[in-house]
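Peer 1: Just one file: start_29.cif, with mmCIF, C-alpha atoms.
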```cif
data_coords
loop_
_atom_site.label_atom_id
_atom_site.label_comp_id
_atom_site.auth_asym_id
_atom_site.auth_seq_id
_atom_site.Cartn_x
_atom_site.Cartn_y
_atom_site.Cartn_z
CA MET A 1 -25.02 33.13 29.94
CA PRO A 2 -22.30 34.03 27.36
CA THR A 3 -18.87 34.67 28.82
CA GLU A 4 -17.05 37.87 27.95
CA LYS A 5 -14.51 37.59 25.15
CA HIS A 6 -10.88 38.66 25.52
CA TRP A 7 -7.99 39.25 23.13
CA GLN A 8 -5.52 36.42 23.48
CA ASP A 9 -1.99 36.14 22.06
CA LEU A 10 -1.82 33.49 19.32
CA ILE A 11 1.47 33.77 17.41
CA THR A 12 4.05 36.42 16.57
CA PHE A 13 3.52 38.12 13.22
CA ASP A 14 7.10 37.31 12.17
CA ALA A 15 6.45 33.60 12.66
CA LEU A 16 3.73 33.57 9.99
CA GLU A 17 4.54 32.02 6.60
CA LYS A 18 4.20 34.85 4.08
CA ASP A 19 1.20 34.53 1.73
CA TRP A 20 0.47 31.18 3.28
CA VAL A 21 -1.19 29.46 6.22
CA THR A 22 0.48 28.76 9.55
CA SER A 23 -0.63 26.47 12.36
CA ALA A 24 -0.93 27.95 15.85
CA GLN A 25 -2.53 26.98 19.11
CA ILE A 26 -3.69 28.34 22.44
CA GLY A 27 -3.73 25.56 24.99
CA LYS A 28 -5.41 22.64 23.29
CA ARG A 29 -7.21 24.79 20.69
CA HIS A 30 -5.72 24.70 17.21
CA PHE A 31 -6.04 27.53 14.70
CA ALA A 32 -5.07 28.25 11.12
CA VAL A 33 -3.53 31.70 10.70
CA TYR A 34 -3.38 33.24 7.23
CA GLN A 35 -1.21 36.08 6.06
CA THR A 36 -2.18 37.53 2.69
CA GLY A 37 -2.91 40.74 0.76
CA ASP A 38 -0.81 42.75 -1.71
CA ASP A 39 1.30 44.17 1.11
CA GLY A 40 1.14 41.03 3.23
CA ASP A 41 -0.71 43.02 5.85
CA GLU A 42 -3.95 41.04 5.99
CA VAL A 43 -4.20 38.44 8.72
CA TYR A 44 -7.09 36.04 9.26
CA VAL A 45 -7.68 33.26 11.74
CA SER A 46 -9.94 30.25 11.39
CA SER A 47 -10.46 26.90 13.05
CA ALA A 48 -7.76 24.45 11.96
CA LEU A 49 -9.97 21.62 10.72
CA CYS A 50 -11.98 21.24 7.54
CA SER A 51 -15.71 21.18 8.31
CA HIS A 52 -16.25 18.33 5.83
CA ALA A 53 -14.05 15.50 7.10
CA GLY A 54 -11.80 17.04 9.73
CA ALA A 55 -8.51 17.26 7.82
CA GLU A 56 -5.84 19.73 8.90
CA LEU A 57 -6.36 22.89 6.81
CA CYS A 58 -2.82 24.13 7.58
CA ASP A 59 -1.49 21.37 5.29
CA GLY A 60 -3.65 22.54 2.39
CA TYR A 61 -3.13 24.90 -0.53
CA PHE A 62 -3.67 28.61 0.11
CA GLN A 63 -4.22 31.22 -2.58
CA GLY A 64 -5.55 34.74 -2.18
CA HIS A 65 -8.32 34.34 0.35
CA LEU A 66 -9.10 30.68 -0.28
CA ILE A 67 -7.89 27.75 1.78
CA GLU A 68 -8.22 24.30 0.31
CA CYS A 69 -8.49 21.12 2.34
CA PRO A 70 -5.53 18.79 1.64
CA LEU A 71 -7.73 15.69 1.53
CA HIS A 72 -10.60 16.56 -0.85
CA GLN A 73 -9.83 20.13 -1.93
CA GLY A 74 -13.02 21.44 -0.39
CA CYS A 75 -12.47 25.18 -0.25
CA PHE A 76 -13.29 28.04 2.13
CA ASP A 77 -13.12 31.82 1.99
CA ILE A 78 -11.10 32.71 5.05
CA ARG A 79 -12.68 36.16 5.32
CA THR A 80 -16.08 34.67 6.11
CA GLY A 81 -15.54 30.94 6.54
CA VAL A 82 -18.05 30.21 3.78
CA ALA A 83 -17.56 26.93 1.89
CA VAL A 84 -17.03 27.78 -1.78
CA SER A 85 -16.64 24.34 -3.32
CA ALA A 86 -17.67 20.72 -2.89
CA PRO A 87 -17.49 18.55 -0.93
CA ALA A 88 -17.48 21.19 1.81
CA VAL A 89 -20.93 22.66 2.41
CA ARG A 90 -20.68 23.85 6.03
CA PRO A 91 -18.60 26.93 6.88
CA ILE A 92 -15.49 26.86 9.02
CA LYS A 93 -15.39 29.10 12.08
CA CYS A 94 -13.47 32.33 11.61
CA PHE A 95 -12.27 34.42 14.54
CA GLU A 96 -11.86 38.13 14.94
CA CYS A 97 -8.15 38.91 15.07
CA ARG A 98 -5.68 41.80 15.16
CA VAL A 99 -1.94 42.41 15.24
CA GLU A 100 -0.74 44.19 18.39
CA ASP A 101 2.96 44.89 19.01
CA GLY A 102 3.95 42.23 16.47
CA VAL A 103 1.67 39.58 17.94
CA VAL A 104 -1.41 38.13 16.27
CA GLN A 105 -4.21 38.19 18.78
CA VAL A 106 -7.53 36.44 18.53
CA LEU A 107 -10.78 37.35 20.28
CA LEU A 108 -11.96 34.34 22.25
CA MET B 1 -17.85 19.52 16.59
CA THR B 2 -15.51 18.55 13.77
CA VAL B 3 -13.39 15.49 14.60
CA LYS B 4 -9.80 15.61 13.40
CA ILE B 5 -8.56 12.95 11.00
CA ILE B 6 -4.94 12.39 10.07
CA THR B 7 -4.50 12.60 6.31
CA PRO B 8 -1.58 10.81 4.63
CA ILE B 9 0.20 14.10 3.95
CA THR B 10 -0.22 15.28 7.55
CA GLN B 11 1.22 11.93 8.62
CA ALA B 12 4.13 12.31 6.17
CA LEU B 13 4.83 15.80 7.49
CA SER B 14 4.82 14.58 11.08
CA GLU B 15 7.15 11.71 10.19
CA GLY B 16 9.58 14.10 8.49
CA ILE B 17 9.24 12.39 5.10
CA ILE B 18 8.48 15.78 3.60
CA THR B 19 8.90 19.31 4.97
CA ARG B 20 6.28 22.06 4.94
CA GLN B 21 8.47 24.10 2.62
CA GLN B 22 8.77 21.21 0.15
CA LEU B 23 5.02 20.63 0.26
CA ARG B 24 4.33 24.31 -0.31
CA GLU B 25 6.63 24.38 -3.35
CA LEU B 26 5.09 21.19 -4.74
CA MET B 27 1.54 22.54 -4.40
CA GLN B 28 2.15 25.67 -6.48
CA ARG B 29 -0.11 25.93 -9.54
CA SER B 30 0.16 27.67 -12.87
CA ASP B 31 -2.09 28.09 -15.90
CA ALA B 32 0.54 28.05 -18.66
CA PRO B 33 1.87 24.44 -18.41
CA PRO B 34 -1.57 22.78 -18.62
CA VAL B 35 -2.58 25.02 -21.52
CA LYS B 36 0.52 23.91 -23.44
CA ARG B 37 -0.10 20.28 -22.55
CA LEU B 38 -3.72 20.54 -23.62
CA GLY B 39 -2.59 22.21 -26.85
CA LEU B 40 -0.34 19.26 -27.68
CA TRP B 41 -3.17 16.84 -26.88
CA ALA B 42 -5.51 18.82 -29.18
CA LEU B 43 -2.89 18.69 -31.95
CA LEU B 44 -2.71 14.91 -31.59
CA LEU B 45 -6.51 14.76 -31.74
CA ILE B 46 -6.51 16.79 -34.95
CA ILE B 47 -3.99 14.36 -36.43
CA SER B 48 -6.01 11.30 -35.38
CA SER B 49 -9.22 12.87 -36.67
CA SER B 50 -7.47 13.55 -39.98
CA LEU B 51 -6.38 9.92 -40.11
CA ILE B 52 -10.01 8.82 -39.62
CA TRP B 53 -11.12 11.12 -42.42
CA LEU B 54 -8.34 9.99 -44.79
CA SER B 55 -8.98 6.30 -44.10
CA ARG B 56 -12.79 6.50 -44.24
CA ASP B 57 -12.98 4.16 -47.26
CA ASN B 58 -10.59 1.48 -46.10
CA PHE B 59 -9.81 -0.82 -43.20
CA LEU B 60 -7.29 1.61 -41.67
CA ILE B 61 -10.22 3.51 -40.23
CA GLY B 62 -10.25 0.95 -37.39
CA PRO B 63 -6.72 1.69 -36.13
CA ALA B 64 -7.31 5.42 -36.70
CA MET B 65 -10.47 5.34 -34.54
CA PHE B 66 -8.58 3.36 -31.90
CA ILE B 67 -5.88 6.06 -31.70
CA GLN B 68 -8.57 8.73 -31.49
CA GLY B 69 -10.29 6.72 -28.77
CA VAL B 70 -7.14 6.36 -26.68
CA LEU B 71 -6.74 10.13 -26.80
CA LEU B 72 -10.39 10.76 -25.93
CA VAL B 73 -10.63 8.34 -23.01
CA HIS B 74 -7.57 9.95 -21.44
CA LEU B 75 -9.75 12.99 -20.87
CA PHE B 76 -10.64 11.03 -17.76
CA ALA B 77 -7.16 11.74 -16.43
CA LEU B 78 -7.57 15.46 -17.10
CA GLN B 79 -11.03 15.50 -15.55
CA HIS B 80 -9.66 13.66 -12.53
CA GLU B 81 -7.02 16.35 -12.06
CA CYS B 82 -9.69 19.02 -12.51
CA VAL B 83 -11.89 17.60 -9.75
CA HIS B 84 -8.87 18.08 -7.49
CA TYR B 85 -8.54 21.69 -8.76
CA THR B 86 -4.86 21.04 -9.48
CA VAL B 87 -4.66 21.55 -13.26
CA PHE B 88 -5.12 25.31 -13.50
CA LYS B 89 -4.26 28.01 -11.01
CA THR B 90 -7.43 29.84 -12.04
CA ARG B 91 -10.00 27.96 -10.05
CA TYR B 92 -13.01 28.18 -12.35
CA LEU B 93 -10.98 26.83 -15.29
CA ASN B 94 -10.75 23.54 -13.43
CA GLU B 95 -14.53 23.44 -13.20
CA TRP B 96 -15.13 24.41 -16.83
CA VAL B 97 -12.58 21.98 -18.24
CA GLY B 98 -13.69 19.24 -15.83
CA ASN B 99 -17.29 19.64 -16.96
CA LEU B 100 -16.29 19.65 -20.63
CA CYS B 101 -14.21 16.50 -20.24
CA GLY B 102 -17.06 14.87 -18.33
CA TRP B 103 -19.50 15.79 -21.08
CA ILE B 104 -17.29 14.15 -23.71
CA ILE B 105 -16.70 10.93 -21.75
CA LEU B 106 -20.17 10.67 -20.15
CA LEU B 107 -19.00 11.38 -16.60
CA PRO B 108 -20.92 14.20 -14.88
CA ASN B 109 -18.32 16.31 -13.11
CA LEU B 110 -19.96 17.12 -9.77
CA HIS B 111 -21.10 13.57 -9.14
CA PHE B 112 -17.62 12.33 -9.98
CA ARG B 113 -16.15 14.89 -7.61
CA TYR B 114 -18.27 13.70 -4.68
CA GLU B 115 -17.68 10.06 -5.46
CA HIS B 116 -13.96 10.65 -5.84
CA CYS B 117 -13.77 12.43 -2.49
CA ASP B 118 -15.09 9.29 -0.80
CA HIS B 119 -12.56 7.28 -2.76
CA HIS B 120 -9.80 9.37 -1.18
CA THR B 121 -11.32 9.01 2.29
CA PHE B 122 -11.86 5.26 2.11
CA THR B 123 -9.28 4.21 -0.46
CA HIS B 124 -9.60 0.53 -1.37
CA LEU B 125 -11.73 -0.33 1.66
CA ARG B 126 -14.45 -2.81 0.77
CA GLY B 127 -17.97 -1.57 1.34
CA LYS B 128 -16.78 2.03 1.70
CA ASP B 129 -14.74 3.05 -1.35
CA PRO B 130 -17.32 3.85 -4.08
CA GLU B 131 -14.68 3.55 -6.81
CA LEU B 132 -13.28 0.23 -5.65
CA ILE B 133 -12.71 -2.13 -8.56
CA PRO B 134 -12.95 -5.69 -7.21
CA LEU B 135 -10.24 -8.18 -8.13
CA PRO B 136 -11.90 -10.25 -10.89
CA LYS B 137 -12.87 -13.77 -9.87
CA SER B 138 -11.44 -15.37 -12.99
CA LEU B 139 -9.80 -14.66 -16.34
CA VAL B 140 -13.27 -14.38 -17.85
CA GLY B 141 -14.12 -11.66 -15.33
CA TYR B 142 -10.81 -9.96 -16.04
CA PHE B 143 -11.44 -9.75 -19.80
CA TRP B 144 -15.10 -8.83 -19.23
CA TYR B 145 -13.94 -5.84 -17.19
CA LEU B 146 -11.34 -4.91 -19.82
CA SER B 147 -14.01 -4.95 -22.53
CA ALA B 148 -15.43 -1.85 -20.79
CA LEU B 149 -18.97 -3.13 -21.41
CA PRO B 150 -19.83 -3.21 -17.67
CA TYR B 151 -18.27 0.24 -17.34
CA TRP B 152 -20.45 1.75 -20.08
CA TYR B 153 -23.53 0.04 -18.68
CA GLY B 154 -22.81 1.55 -15.28
CA ARG B 155 -22.15 5.01 -16.69
CA ILE B 156 -25.31 5.17 -18.80
CA ALA B 157 -27.46 3.67 -16.05
CA SER B 158 -26.10 6.23 -13.57
CA ILE B 159 -26.89 9.21 -15.82
CA LEU B 160 -30.38 7.90 -16.56
CA ARG B 161 -31.02 7.23 -12.86
CA HIS B 162 -29.96 10.72 -11.87
CA SER B 163 -31.99 12.29 -14.66
CA LEU B 164 -35.04 10.56 -13.13
CA GLY B 165 -34.22 12.13 -9.77
CA LYS B 166 -33.02 8.91 -8.18
CA LEU B 167 -29.84 7.96 -6.34
CA THR B 168 -28.41 4.64 -5.26
CA ASP B 169 -27.84 4.02 -1.55
CA GLU B 170 -24.14 4.44 -2.24
CA ASP B 171 -24.75 7.83 -3.90
CA LYS B 172 -26.73 8.93 -0.85
CA ARG B 173 -23.72 8.20 1.34
CA PHE B 174 -21.51 10.80 -0.27
CA ILE B 175 -23.83 13.35 -1.90
CA PRO B 176 -25.19 15.90 0.61
CA VAL B 177 -28.96 16.37 0.52
CA THR B 178 -28.49 20.02 -0.45
CA GLU B 179 -26.50 19.05 -3.57
CA ARG B 180 -28.76 16.34 -4.95
CA SER B 181 -30.85 18.65 -7.09
CA ILE B 182 -27.65 19.76 -8.85
CA ILE B 183 -26.72 16.14 -9.54
CA TYR B 184 -30.17 15.61 -11.13
CA ARG B 185 -29.88 18.84 -13.12
CA ASP B 186 -26.44 17.90 -14.44
CA ALA B 187 -27.68 14.53 -15.68
CA ARG B 188 -30.74 16.12 -17.36
CA LEU B 189 -28.62 18.80 -19.01
CA MET B 190 -26.23 16.17 -20.23
CA LEU B 191 -28.97 14.05 -21.80
CA ALA B 192 -30.69 17.09 -23.30
CA SER B 193 -27.46 18.34 -24.86
CA TYR B 194 -26.67 14.91 -26.31
CA ALA B 195 -30.17 14.77 -27.80
CA ALA B 196 -29.84 18.30 -29.20
CA LEU B 197 -26.47 17.49 -30.74
CA LEU B 198 -27.81 14.30 -32.29
CA ALA B 199 -30.84 16.12 -33.71
CA PHE B 200 -28.61 18.87 -35.09
CA CYS B 201 -26.34 16.35 -36.82
CA VAL B 202 -29.30 14.36 -38.21
CA VAL B 203 -30.87 17.52 -39.63
CA LEU B 204 -27.57 18.42 -41.28
CA GLY B 205 -27.15 14.84 -42.47
CA VAL B 206 -23.82 14.39 -40.70
CA TRP B 207 -24.77 12.03 -37.88
CA GLU B 208 -21.92 9.69 -38.91
CA VAL B 209 -19.51 12.30 -37.60
CA LEU B 210 -20.64 11.55 -34.06
CA LEU B 211 -20.25 7.87 -34.65
CA TYR B 212 -16.85 7.79 -36.35
CA PHE B 213 -15.09 10.63 -34.54
CA TRP B 214 -16.51 10.27 -31.04
CA LEU B 215 -18.64 7.28 -30.02
CA LEU B 216 -16.93 4.40 -31.83
CA PRO B 217 -13.44 5.69 -30.97
CA MET B 218 -14.44 5.95 -27.30
CA ALA B 219 -15.80 2.39 -27.36
CA LEU B 220 -12.54 1.20 -28.91
CA GLY B 221 -10.34 3.24 -26.58
CA GLU B 222 -12.05 2.65 -23.24
CA PRO B 223 -10.50 -0.83 -22.73
CA VAL B 224 -7.13 0.94 -22.61
CA MET B 225 -8.40 3.18 -19.81
CA ARG B 226 -9.85 0.14 -18.01
CA TYR B 227 -6.42 -1.53 -18.36
CA ILE B 228 -4.80 1.50 -16.74
CA ARG B 229 -7.42 1.95 -14.02
CA LEU B 230 -6.88 -1.66 -12.88
CA THR B 231 -3.27 -0.84 -12.03
CA GLU B 232 -4.06 1.82 -9.43
CA HIS B 233 -5.34 -0.32 -6.56
CA VAL B 234 -6.52 -3.73 -7.79
CA GLY B 235 -4.49 -6.55 -6.25
CA ARG B 236 -3.21 -4.38 -3.42
CA PRO B 237 -4.25 -5.18 0.19
CA HIS B 238 -7.58 -3.83 1.40
CA THR B 239 -6.13 -1.66 4.14
CA ALA B 240 -6.33 1.99 5.14
CA ASP B 241 -2.53 2.12 5.04
CA MET B 242 -1.57 4.22 2.04
CA LYS B 243 1.83 2.56 1.96
CA HIS B 244 0.19 -0.64 0.77
CA ASN B 245 -3.26 -0.02 -0.73
CA THR B 246 -2.14 2.00 -3.75
CA ARG B 247 0.32 1.31 -6.52
CA THR B 248 2.59 3.81 -8.24
CA THR B 249 3.47 2.43 -11.66
CA LEU B 250 6.54 3.63 -13.53
CA VAL B 251 5.64 4.05 -17.20
CA SER B 252 7.15 5.66 -20.30
CA ALA B 253 6.82 9.34 -21.20
CA PRO B 254 3.91 9.01 -23.68
CA TRP B 255 1.76 7.29 -21.04
CA ARG B 256 2.74 9.86 -18.44
CA PHE B 257 1.76 12.60 -20.88
CA LEU B 258 -1.62 11.08 -21.70
CA GLY B 259 -2.37 10.24 -18.06
CA TRP B 260 -1.36 13.60 -16.62
CA ASN B 261 1.21 11.72 -14.46
CA MET B 262 -1.52 9.80 -12.70
CA ASN B 263 0.69 6.70 -12.79
CA TYR B 264 2.31 8.27 -9.70
CA HIS B 265 -0.86 7.21 -8.01
CA ALA B 266 0.44 6.58 -4.51
CA ALA B 267 2.05 10.03 -4.47
CA HIS B 268 -1.26 11.49 -5.65
CA HIS B 269 -3.12 9.78 -2.82
CA TYR B 270 -0.56 11.00 -0.32
CA ALA B 271 -1.00 14.62 -1.34
CA SER B 272 -3.91 15.18 -3.70
CA SER B 273 -3.37 18.96 -3.65
CA VAL B 274 -0.10 18.51 -5.54
CA PRO B 275 -0.59 19.19 -9.27
CA TYR B 276 0.21 16.61 -11.92
CA HIS B 277 3.45 18.32 -13.01
CA ALA B 278 4.92 18.07 -9.49
CA LEU B 279 4.02 14.41 -8.94
CA PRO B 280 7.38 13.07 -10.26
CA ARG B 281 9.18 15.30 -7.72
CA LEU B 282 6.82 14.20 -4.95
CA HIS B 283 7.42 10.59 -5.96
CA GLU B 284 11.17 11.08 -5.43
CA LEU B 285 10.46 12.10 -1.83
CA LEU B 286 7.98 9.31 -1.16
CA LYS B 287 9.29 6.38 -3.19
CA GLU B 288 10.76 4.57 -0.17
CA HIS B 289 7.41 4.83 1.62
CA VAL B 290 4.95 3.67 -1.05
CA HIS B 291 4.46 0.60 -3.22
CA VAL B 292 6.17 1.12 -6.57
CA GLU B 293 5.72 -1.16 -9.58
CA PRO B 294 8.78 -0.65 -11.80
CA GLY B 295 7.56 -2.90 -14.60
CA GLY B 296 5.00 -0.54 -16.11
CA TYR B 297 1.29 -1.23 -16.50
CA TRP B 298 2.02 -4.80 -17.60
CA GLY B 299 4.04 -5.32 -14.42
CA ALA B 300 0.97 -4.41 -12.37
CA HIS B 301 -1.21 -6.70 -14.48
CA LYS B 302 1.19 -9.58 -13.90
CA GLU B 303 0.57 -9.18 -10.15
CA ILE B 304 -3.20 -9.07 -10.74
CA LEU B 305 -3.12 -12.09 -13.05
CA ALA B 306 -0.99 -14.04 -10.56
CA GLN B 307 -3.68 -13.47 -7.93
CA LEU B 308 -6.65 -14.39 -10.05
CA THR B 309 -4.96 -17.55 -11.39
CA GLY B 310 -4.02 -18.75 -7.90
CA ARG B 311 -0.26 -18.23 -8.16
CA GLN B 312 -0.38 -15.59 -5.41
CA PRO B 313 -2.80 -15.13 -2.50
CA ARG B 314 -5.80 -13.03 -3.51
CA CYS B 315 -5.94 -9.60 -1.90
CA ASP B 316 -9.67 -10.02 -1.24
CA GLU B 317 -9.15 -13.22 0.75
CA MET B 318 -6.94 -11.46 3.27
CA PRO B 319 -8.68 -9.79 6.22
CA GLN B 320 -9.44 -6.12 5.70
CA GLN B 321 -7.16 -4.21 8.02
CA ALA B 322 -7.57 -1.04 10.03
CA THR B 323 -10.63 0.46 8.44
CA GLN B 324 -10.90 4.19 8.70
CA GLU B 325 -14.05 5.23 10.52
#
```
For this file, produce the structure as structure tokens.
Peer 2:
Amino acid sequence: MPTEKHWQDLITFDALEKDWVTSAQIGKRHFAVYQTGDDGDEVYVSSALCSHAGAELCDGYFQGHLIECPLHQGCFDIRTGVAVSAPAVRPIKCFECRVEDGVVQVLL
Amino acid sequence: MTVKIITPITQALSEGIITRQQLRELMQRSDAPPVKRLGLWALLLIISSSLIWLSRDNFLIGPAMFIQGVLLVHLFALQHECVHYTVFKTRYLNEWVGNLCGWIILLPNLHFRYEHCDHHTFTHLRGKDPELIPLPKSLVGYFWYLSALPYWYGRIASILRHSLGKLTDEDKRFIPVTERSIIYRDARLMLASYAALLAFCVVLGVWEVLLYFWLLPMALGEPVMRYIRLTEHVGRPHTADMKHNTRTTLVSAPWRFLGWNMNYHAAHHYASSVPYHALPRLHELLKEHVHVEPGGYWGAHKEILAQLTGRQPRCDEMPQQATQE
């Protein structure tokens, strides 16, 4: 039976690297947090590892809404998690998130 | 569940060799610098093509075709950067230019991309790295490799195999099942376009153009690329440790220009998301932590030749260390 999801604090908004990706964690779970958009007001959260070989996405190149794996440059759209270029073919998991009182929260 | 692996750059960040801010600055991309660089390369190609045309009735056509060939085979370096998406900021330009380069030098882009990804995962590990160039057994083997004849045989055989809808066992290791039809399509398109171009030139009575400006120059130039490719890993220990398995070779500006700075090979393997123009700066940060050959390409070849003539222990007779699973 699925457990009920709750909003959980992940990282303060001010701690995010502007127009870039920041690493964050809750307990032992690691996440990649992206701040982007013309006004810097878009925030997205995904799993921290590339679905292809397990490299740390937070050390990759970020542009617009695309995060690139630092090892093979497999690429994902962080709005949906969809893999947009080889060698990645499986999506990464993206999480519903929001900013409340200056804190990025994720629904887990 | 995805299992985490530690990439060289993640390791370097954790060891404090490089900071996140430095890495972010180094990874920045731009369209203008590569366009200018490509423009200069195209100008050189126009000059070398003119030399071929002007020397068509005398022996100087040989050296002119060699110069043209050296320029053409260095499209490999540009294609290599494109498969990493680090040449142009505009993502699809990397794919277009990579495919065009691959078409010219007979290297289908998507297949190369998949193969090259495995090369970065299993760099210089025997039985795992699909791009591993074995240390030649003898001087004969060394010159046979430099002739580029085995290279061309492998290239043509690979395209023909894929056009027939077949893959080697090695191919199957790194090409996902869902992508195989694209690999076959690419090879068929490549062969069909070559055939169409040949037919077009025969009909117009200018088939020699293909021979003198493209195919013969590439055959003459490819040994230079083989000479360079040997310097990247051959003779280095077969270990997963990036500090030892890859060689950065310090070379003069013309070679750096032609090779899109790929002589900074260890730096490239450390952080393959860093574009060619930032590799010299990355090298400055990493140079105490990687193997650097200061004596240019010949310096690297002296190490290789010492191993295959018995003056130094052969890298392939040492136990393979710490394979990456």
Peer 1: For Tyr34 (chain A), which residue among A:Val21, A:Val84, A:Val104, A:Ala53 is the nearest when counting only C-alpha atoms?
Peer 2: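 Under the stated criterion, the closest residue is A:Val21.
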Peer 1: Using the chain letters and residue numbers of this document, give as a PyMOL selection string the residues selected by the PyMOL selection byres ((chain A) within 7 of (chain B)).
Peer 2: chain A and resi 49+51+54-55+59+61+70-73+87
Peer 1: Would you mind listing what lies within 10 Å of region 275-278 of chain B as a list in words, with only C-alpha atoms counted and same-chain residues fewer than 5 positions away left out?
Peer 2: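 Answer for this query is Glu25, Leu26, Met27, Gln28, Arg29, Ser30, Pro33, Pro34, Ala77, Leu78, Glu81, Cys82, His84, Tyr85, Thr86, Val87, Phe88, Lys89, Arg256, Phe257, Gly259, Trp260, Asn261, Met262, Asn263, Tyr264, Ala267, His268 and His283 of chain B.
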Peer 1: May I have the selected residues written with C-alpha atoms, as a PDB file, in the coordinates of the input?
Peer 2:
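part28.pdb was written with the following content:
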```pdb
ATOM      1  CA  GLU B  25       6.630  24.380  -3.350  1.00  0.00           C
ATOM      2  CA  LEU B  26       5.090  21.190  -4.740  1.00  0.00           C
ATOM      3  CA  MET B  27       1.540  22.540  -4.400  1.00  0.00           C
ATOM      4  CA  GLN B  28       2.150  25.670  -6.480  1.00  0.00           C
ATOM      5  CA  ARG B  29      -0.110  25.930  -9.540  1.00  0.00           C
ATOM      6  CA  SER B  30       0.160  27.670 -12.870  1.00  0.00           C
ATOM      7  CA  PRO B  33       1.870  24.440 -18.410  1.00  0.00           C
ATOM      8  CA  PRO B  34      -1.570  22.780 -18.620  1.00  0.00           C
ATOM      9  CA  ALA B  77      -7.160  11.740 -16.430  1.00  0.00           C
ATOM     10  CA  LEU B  78      -7.570  15.460 -17.100  1.00  0.00           C
ATOM     11  CA  GLU B  81      -7.020  16.350 -12.060  1.00  0.00           C
ATOM     12  CA  CYS B  82      -9.690  19.020 -12.510  1.00  0.00           C
ATOM     13  CA  HIS B  84      -8.870  18.080  -7.490  1.00  0.00           C
ATOM     14  CA  TYR B  85      -8.540  21.690  -8.760  1.00  0.00           C
ATOM     15  CA  THR B  86      -4.860  21.040  -9.480  1.00  0.00           C
ATOM     16  CA  VAL B  87      -4.660  21.550 -13.260  1.00  0.00           C
ATOM     17  CA  PHE B  88      -5.120  25.310 -13.500  1.00  0.00           C
ATOM     18  CA  LYS B  89      -4.260  28.010 -11.010  1.00  0.00           C
ATOM     19  CA  ARG B 256       2.740   9.860 -18.440  1.00  0.00           C
ATOM     20  CA  PHE B 257       1.760  12.600 -20.880  1.00  0.00           C
ATOM     21  CA  GLY B 259      -2.370  10.240 -18.060  1.00  0.00           C
ATOM     22  CA  TRP B 260      -1.360  13.600 -16.620  1.00  0.00           C
ATOM     23  CA  ASN B 261       1.210  11.720 -14.460  1.00  0.00           C
ATOM     24  CA  MET B 262      -1.520   9.800 -12.700  1.00  0.00           C
ATOM     25  CA  ASN B 263       0.690   6.700 -12.790  1.00  0.00           C
ATOM     26  CA  TYR B 264       2.310   8.270  -9.700  1.00  0.00           C
ATOM     27  CA  ALA B 267       2.050  10.030  -4.470  1.00  0.00           C
ATOM     28  CA  HIS B 268      -1.260  11.490  -5.650  1.00  0.00           C
ATOM     29  CA  HIS B 283       7.420  10.590  -5.960  1.00  0.00           C
TER      30      HIS B 283
END
```
Peer 1: Given the PyMOL selection byres ((chain B and resi 238) around 7) and the file above, list the residues it selects as a PyMOL selection string.
Peer 2: chain B and resi 124-126+236-237+239+245+315+320-321
Peer 1: Could you tell me which residues the PyMOL selection byres ((chain B and resi 228) around 12) grabs in this file, written as a VMD selection string?
Peer 2: chain B and resid 70 73 to 74 76 to 77 133 145 to 146 148 221 to 227 229 to 234 247 to 251 255 to 256 258 to 259 262 to 263 265 296 to 301
Peer 1: Of the residues A:Leu66, A:Cys50, A:Cys75, A:Leu57, which is the one nearest to Asp19 (chain A), using all atoms listed in the file?
Peer 2: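 The closest residue to Asp19 (chain A) is A:Leu66.
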Peer 1: From the options B:Ile17, B:Gly235, B:Ser181, B:Leu285, which residue's atoms come nearest to Gln312 (chain B), counting all atoms listed in the file?
Peer 2: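 Comparing B:Ile17, B:Gly235, B:Ser181, B:Leu285 against Gln312 (chain B), the winner is B:Gly235.
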Peer 1: At a cut-off of 10 Å, using all atoms listed in the file, what residues contact Gly37 (chain A)? Leave out same-chain residues fewer than 6 positions from it and give the result as an mmCIF file with C-alpha atoms, in the coordinates of the input.
Peer 2:
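Below is the file result17.cif, written as the result:
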```cif
data_model
loop_
_atom_site.group_PDB
_atom_site.id
_atom_site.type_symbol
_atom_site.label_atom_id
_atom_site.label_comp_id
_atom_site.auth_asym_id
_atom_site.auth_seq_id
_atom_site.Cartn_x
_atom_site.Cartn_y
_atom_site.Cartn_z
ATOM 1 C CA LYS A 18 4.200 34.850 4.080
ATOM 2 C CA ASP A 19 1.200 34.530 1.730
ATOM 3 C CA VAL A 43 -4.200 38.440 8.720
ATOM 4 C CA GLY A 64 -5.550 34.740 -2.180
ATOM 5 C CA HIS A 65 -8.320 34.340 0.350
#
```
Peer 1: Would you please take region 261-274 of chain B of the structure in the block above and write C-alpha atoms to a file as a PDB file, in the first residue's frame?
Peer 2:
```
ATOM      1  CA  ASN B 261      43.899  20.772 -27.566  1.00  0.00           C
ATOM      2  CA  MET B 262      43.365  17.043 -27.272  1.00  0.00           C
ATOM      3  CA  ASN B 263      47.041  16.656 -26.368  1.00  0.00           C
ATOM      4  CA  TYR B 264      45.853  17.637 -22.864  1.00  0.00           C
ATOM      5  CA  HIS B 265      44.431  14.172 -22.831  1.00  0.00           C
ATOM      6  CA  ALA B 266      44.653  13.400 -19.130  1.00  0.00           C
ATOM      7  CA  ALA B 267      42.866  16.660 -18.322  1.00  0.00           C
ATOM      8  CA  HIS B 268      40.203  15.730 -20.876  1.00  0.00           C
ATOM      9  CA  HIS B 269      39.693  12.339 -19.235  1.00  0.00           C
ATOM     10  CA  TYR B 270      39.467  13.961 -15.827  1.00  0.00           C
ATOM     11  CA  ALA B 271      36.692  16.305 -16.908  1.00  0.00           C
ATOM     12  CA  SER B 272      35.296  15.509 -20.330  1.00  0.00           C
ATOM     13  CA  SER B 273      32.641  18.231 -20.003  1.00  0.00           C
ATOM     14  CA  VAL B 274      35.354  20.890 -20.179  1.00  0.00           C
TER      15      VAL B 274
END
```
